[in-house]
Every structure is written in C-alpha cells, then in structure tokens.
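Take a look at the structure set out below.
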Amino acid sequence: MKKTINELENIASQVRRDIVRMVHGCQSGHPGGSLGCADFVTALYFEAMNHSTDFNMNGIGEDLFFLSNGHISPVWYSVLARSGYFDPSELATFRKLNTRLQGHPTTHEHLPGVRIASGSLGQGLSVAIGAALAKKINKDTSLVYTLMGDGELQEGQNWEAIMFAPHNKVDNLISTVDYNGQQIDGPTEKVLSLESLQAKFEAFGWHVITSDGNDMDNIVKALHYAKSLTGKGKPILNLMATQMGSGVDFMMGSHKWHGVAPNDDQLAAALAQLNSTLTDY
C-alpha cells in the first residue's frame with residue numbers, strides 16, 4: 001500500500017533517529033550524508049520502487065537499487081530494516097564484531113537487500129548499468145536505481161559510464177546524485193570543482209531532472225516523473241540537492257560531520273529534534 005507524504009516523513013524521521021543512534025553506538029560511521037539522503041531512500045523503498053523483501057540476488061521481475069557512496073550505509077540499513085528486509089533490532093550491531101552491518105555494505109555477510117560491495121567510490125554507476133543491460137537482455141521491464149555522491153563524480157570511471165549509458169540507450173536506469181556540495185576534505189568546489197553537473201550530463205546525452213532531496217513531496221514527485229521518462233532511449237539523472245546532516249541543526253551544511261560520530265550530549269540533542277514515529281530498536 002502506498003504511503004502518504006506525512007507517513008513517509010514520519011518514517012524518514014525514524015530513519016534519522018536510527019542513523020544517529022547507530023553511529024553513536026559504535027562511535028564510528030558517516031552521519032552527515034546519511035541524514036541528507038534519509039528522505040530520498042525512504043521515498044525510494046516505500047513509494048517508488050517495486051521490490052520484494054523476499055530477497056534474492058538476481059532480482060528478476062523487481063526494481064534494483066545500488067548504493068555507490070557506500071559510506072552512507074546507515075541510512076540504507078535503516079530503510080532496509082524498516083521496510084522489512086530484516087529485524088530493526090539488528091541495527092544495534094552496526095560496525096561491531098561479527099555483524100552483517102559492515103561500515104561499507106558487503107555481500108559475504110548475506111545481508112538481505114545488498115547485491116554488491118560498495119564504498120570504493122566511483123563504481124556504483126557502472127554496476128547499475130550492467131544490471132540494467134542484463135534486464136534488457138532478459139526482457140525484464142523492471143528498473144534499476146542508483147545513488148552517487150557528488151564528490152565521487154571527481155573520479156574518472158564515472159565519466160566512462162556516463163558516456164556509455166546514452167550510447168547504449170540504457171533507458172531503464174534512474175541514477176541520482178546526492179548534490180550536497182560537501183565531501184570528506186571540504187566543499188566540492190574547493191577540492192575539485194564540478195562546475196555544472198546538469199550541463200555535463202546533458203552534453204553526454206542524459207535526460208536530467210532536478211529535485212529537492214529534503215522535501216518529501218518534491219522528491220516523491222521527482223521519482224515518479226523520472227519513472228515516466230524511462231523507455232524513451234535515454235538514461236535519467238535525478239540531480240538532487242540536499243543538505244548534509246539534514247534534520248539535525250548542528251550537523252547541517254558542513255563537511256565536518258561527514259564521518260564523525262556524535263558524543264552522548266550531541267546524540268541527545270539530535271534525538272530531541274527527531275520525532276520517534278516507530279519503535280526505536
């Protein structure tokens with residue numbers, strides 16, 4: 001059953017609570033980008049994607065998602081758990097010994113929902129294109145989604161993939177860039193300027209849409225619009241503006257929270273800003 005915007009916002013609030021608690025619990029991880037993408041990943045799994053929690057690696061007949069910027073695993077793990085792939089109580093094991101919830105997603109733990117190891121940046125789009133082509137060969141009309149960080153677009157493999165997809169009419173692919181302007185070493189414009197991503201992708205032959213990734217209504221509409229553009233000969237890029245740390249005021253807009261865990265007082269301050277809409281794990 002589809003969710004209302006209010007219901008999706010409530011789920012995203014709980015996802016944000018999960019994120020800060022997970023990273024605090026092991027004093028390790030990446031809260032900033034995870035918080036910024038909480039609305040998007042919630043909308044993807046609870047509204048846009050056709051997927052099954054009865055997980056199998058092939059994903060035949062269902063939409064697939066590949067997380068390229070694997071360091072924001074907390075948001076993905078939370079959404080997978082909250083949508084039924086595994087029990088939310090397992091979130092308490094994040095980054096701990098013998099956990100299935102590694103800091104960067106891997107496959108050898110056999111965590112439901114995870115189809116590739118990610119975290120080595122710049123590779124997710126290539127994998128997603130391969131999966132999308134496989135679906136075409138198999139006459140599977142389902143879609144492939146992927147999420148990339150803007151900082152990882154400084155890596156060359158992405159641009160080979162960005163050139164390859166339109167040439168091969170990979171029009172069952174919806175790729176999203178988390179365009180928050182921040183990376184581990186500072187603002188992307190200072191580390192290595194990306195200039196106009198929209199102009200670049202369009203020049204390579206993509207259909208580009210823009211969205212506000214921290215406005216649930218906007219991101220839901222953008223995802224549905226992106227779906228309407230599939231099958232028309234071009235891959236689709238959703239250029240999604242977000243605020244790193246969205247939802248926690250002292251984490252917002254700064255690269256300093258890219259990979260830093262909150263202490264006890266900071267956790268309490270963060271949780272005070274986030275409504276508990278589902279049961280905390």
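By order of appearance in the structure tokens: chains A, B, ..., then residues from 1 within every chain, and ligands from 1 in the order shown.
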
Find the residues near region 242-244 of chain A: any atom within 7 Å, counting only C-alpha atoms, skip ones fewer than 6 places away on the same chain, and give them as a PyMOL selection string. chain A and resi 32-33+35-36+178-180+212-214+252-254

Name the residues in contact with His255 (chain A) at a cut-off of 7 Å, using only C-alpha atoms, excluding same-chain residues fewer than 6 positions from it; report them as an mmCIF file with N, CA, C and O atoms, in the first residue's frame.
```cif
data_model
loop_
_atom_site.group_PDB
_atom_site.id
_atom_site.type_symbol
_atom_site.label_atom_id
_atom_site.label_comp_id
_atom_site.auth_asym_id
_atom_site.auth_seq_id
_atom_site.Cartn_x
_atom_site.Cartn_y
_atom_site.Cartn_z
ATOM 1 N N GLN A 182 29.427 18.804 -0.487
ATOM 2 C CA GLN A 182 30.406 18.529 0.566
ATOM 3 C C GLN A 182 31.052 17.166 0.355
ATOM 4 O O GLN A 182 30.407 16.234 -0.130
ATOM 5 N N GLN A 183 32.309 17.054 0.728
ATOM 6 C CA GLN A 183 32.985 15.760 0.751
ATOM 7 C C GLN A 183 33.944 15.755 1.928
ATOM 8 O O GLN A 183 34.047 16.747 2.658
ATOM 9 N N ILE A 184 34.650 14.657 2.143
ATOM 10 C CA ILE A 184 35.383 14.484 3.391
ATOM 11 C C ILE A 184 36.411 15.594 3.641
ATOM 12 O O ILE A 184 36.653 15.976 4.789
ATOM 13 N N GLY A 186 36.226 18.759 2.495
ATOM 14 C CA GLY A 186 35.688 20.109 2.444
ATOM 15 C C GLY A 186 34.659 20.263 1.338
ATOM 16 O O GLY A 186 34.195 19.282 0.759
ATOM 17 N N PRO A 187 34.285 21.492 0.997
ATOM 18 C CA PRO A 187 33.327 21.723 -0.090
ATOM 19 C C PRO A 187 33.878 21.209 -1.419
ATOM 20 O O PRO A 187 35.069 21.361 -1.716
#
```

Would you mind writing down, as a PyMOL selection string, each residue of region 14-192 of chain A that DSSP on the backbone assigns to helix (DSSP H, G or I)? chain A and resi 14-26+31-36+38-48+70-82+88-93+124-137+151-154+156-167+188-191

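Distance annotation: of A:Ala92, A:Asn56, A:Val177, A:Ala241, the residue with the minimal separation from Asn218 (chain A) is A:Ala241; atom set is only C-alpha atoms.
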
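Contact shell of Gly205 (chain A) at 10 Å (only C-alpha atoms; same-chain neighbours under 5 positions omitted): A:Ile162, A:Met163, A:Phe164, A:Ala165, A:Pro166, A:His167, A:Lys169, A:Ala199, A:Lys200, A:Gly233, A:Lys234, A:Pro235, A:Ile236.
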
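Between CA of Leu64 (chain A) and CA of Leu143 (chain A) the separation is 6.5 Å.
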
Region 91-270 of chain A: which residues are strand (DSSP E) by DSSP, as number ranges by chain? A: 144-149, 173-179, 182-183, 186-187, 207-212, 236-241

File of the preceding selection, N, CA and C atoms, as a CSV table (one decimal), in the first residue's frame:
```csv
chain,number,residue,atom,x,y,z
A,144,VAL,N,16.3,0.0,-12.8
A,144,VAL,CA,17.4,0.0,-11.9
A,144,VAL,C,17.7,1.4,-11.4
A,145,TYR,N,17.9,1.5,-10.1
A,145,TYR,CA,18.2,2.8,-9.5
A,145,TYR,C,19.6,2.8,-8.9
A,146,THR,N,20.2,3.9,-8.9
A,146,THR,CA,21.5,4.0,-8.2
A,146,THR,C,21.6,5.4,-7.6
A,147,LEU,N,22.4,5.5,-6.5
A,147,LEU,CA,22.7,6.7,-5.8
A,147,LEU,C,24.2,6.9,-5.7
A,148,MET,N,24.6,8.1,-6.2
A,148,MET,CA,26.0,8.5,-6.1
A,148,MET,C,26.2,9.8,-5.3
A,149,GLY,N,27.4,10.0,-4.7
A,149,GLY,CA,27.7,11.2,-4.1
A,149,GLY,C,28.2,12.2,-5.2
A,173,LEU,N,17.3,3.0,-16.5
A,173,LEU,CA,18.1,3.4,-15.4
A,173,LEU,C,17.8,4.8,-14.9
A,174,ILE,N,17.6,4.9,-13.6
A,174,ILE,CA,17.4,6.2,-13.0
A,174,ILE,C,18.5,6.3,-11.9
A,175,SER,N,19.4,7.2,-12.2
A,175,SER,CA,20.5,7.5,-11.3
A,175,SER,C,20.3,8.8,-10.6
A,176,THR,N,20.6,8.8,-9.3
A,176,THR,CA,20.5,10.0,-8.5
A,176,THR,C,21.9,10.5,-8.0
A,177,VAL,N,22.1,11.7,-8.1
A,177,VAL,CA,23.3,12.3,-7.5
A,177,VAL,C,22.9,13.1,-6.2
A,178,ASP,N,23.5,12.7,-5.1
A,178,ASP,CA,23.3,13.5,-3.9
A,178,ASP,C,24.2,14.7,-4.0
A,179,TYR,N,23.6,15.8,-4.4
A,179,TYR,CA,24.3,17.1,-4.7
A,179,TYR,C,24.3,18.0,-3.4
A,182,GLN,N,29.4,18.8,-0.5
A,182,GLN,CA,30.4,18.5,0.6
A,182,GLN,C,31.1,17.2,0.4
A,183,GLN,N,32.3,17.1,0.7
A,183,GLN,CA,33.0,15.8,0.8
A,183,GLN,C,33.9,15.8,1.9
A,186,GLY,N,36.2,18.8,2.5
A,186,GLY,CA,35.7,20.1,2.4
A,186,GLY,C,34.7,20.3,1.3
A,187,PRO,N,34.3,21.5,1.0
A,187,PRO,CA,33.3,21.7,-0.1
A,187,PRO,C,33.9,21.2,-1.4
A,207,HIS,N,18.9,12.4,-19.9
A,207,HIS,CA,17.8,13.3,-19.5
A,207,HIS,C,17.9,13.6,-18.1
A,208,VAL,N,18.1,14.9,-17.8
A,208,VAL,CA,18.3,15.4,-16.4
A,208,VAL,C,17.1,16.1,-15.8
A,209,ILE,N,16.8,15.6,-14.6
A,209,ILE,CA,15.7,16.4,-13.8
A,209,ILE,C,16.4,16.8,-12.5
A,210,THR,N,15.8,17.8,-11.9
A,210,THR,CA,16.3,18.3,-10.6
A,210,THR,C,15.3,18.1,-9.6
A,211,SER,N,15.8,18.0,-8.3
A,211,SER,CA,14.8,17.8,-7.2
A,211,SER,C,15.4,18.4,-5.9
A,212,ASP,N,14.6,18.5,-4.9
A,212,ASP,CA,14.9,18.9,-3.6
A,212,ASP,C,14.9,17.6,-2.7
A,236,ILE,N,18.2,8.3,-17.2
A,236,ILE,CA,17.7,9.5,-16.5
A,236,ILE,C,18.6,9.8,-15.3
A,237,LEU,N,18.9,11.1,-15.1
A,237,LEU,CA,19.7,11.5,-14.0
A,237,LEU,C,18.8,12.4,-13.1
A,238,ASN,N,18.7,12.1,-11.8
A,238,ASN,CA,18.0,12.9,-10.9
A,238,ASN,C,19.1,13.7,-10.1
A,239,LEU,N,19.2,15.0,-10.4
A,239,LEU,CA,20.2,15.8,-9.7
A,239,LEU,C,19.5,16.4,-8.5
A,240,MET,N,19.9,15.8,-7.4
A,240,MET,CA,19.1,16.0,-6.1
A,240,MET,C,19.9,16.9,-5.1
A,241,ALA,N,19.4,18.1,-4.9
A,241,ALA,CA,20.0,19.0,-3.9
A,241,ALA,C,19.6,18.5,-2.5
```

Tell me, counting only C-alpha atoms, for each residue of region 74-110 of chain A within 8 Å of region 13-29 of chain A, which pair of atoms is nearest and how far apart they are in Å to one decimal, in rows ordered by chain and increasing number, as JSON lines.
```
{"residue": "A:Pro74", "atom": "CA", "partner": "A:Ile19", "partner_atom": "CA", "distance": 5.4}
{"residue": "A:Val75", "atom": "CA", "partner": "A:Ile19", "partner_atom": "CA", "distance": 6.1}
{"residue": "A:Ser78", "atom": "CA", "partner": "A:Val15", "partner_atom": "CA", "distance": 5.8}
{"residue": "A:Val79", "atom": "CA", "partner": "A:Val15", "partner_atom": "CA", "distance": 6.6}
{"residue": "A:Arg82", "atom": "CA", "partner": "A:Val15", "partner_atom": "CA", "distance": 8.0}
{"residue": "A:Leu91", "atom": "CA", "partner": "A:Met22", "partner_atom": "CA", "distance": 6.7}
{"residue": "A:Ala92", "atom": "CA", "partner": "A:Met22", "partner_atom": "CA", "distance": 6.3}
{"residue": "A:Phe94", "atom": "CA", "partner": "A:Met22", "partner_atom": "CA", "distance": 6.1}
{"residue": "A:Arg95", "atom": "CA", "partner": "A:Cys26", "partner_atom": "CA", "distance": 6.4}
{"residue": "A:Lys96", "atom": "CA", "partner": "A:Cys26", "partner_atom": "CA", "distance": 6.8}
{"residue": "A:Gly103", "atom": "CA", "partner": "A:Gly29", "partner_atom": "CA", "distance": 6.6}
```
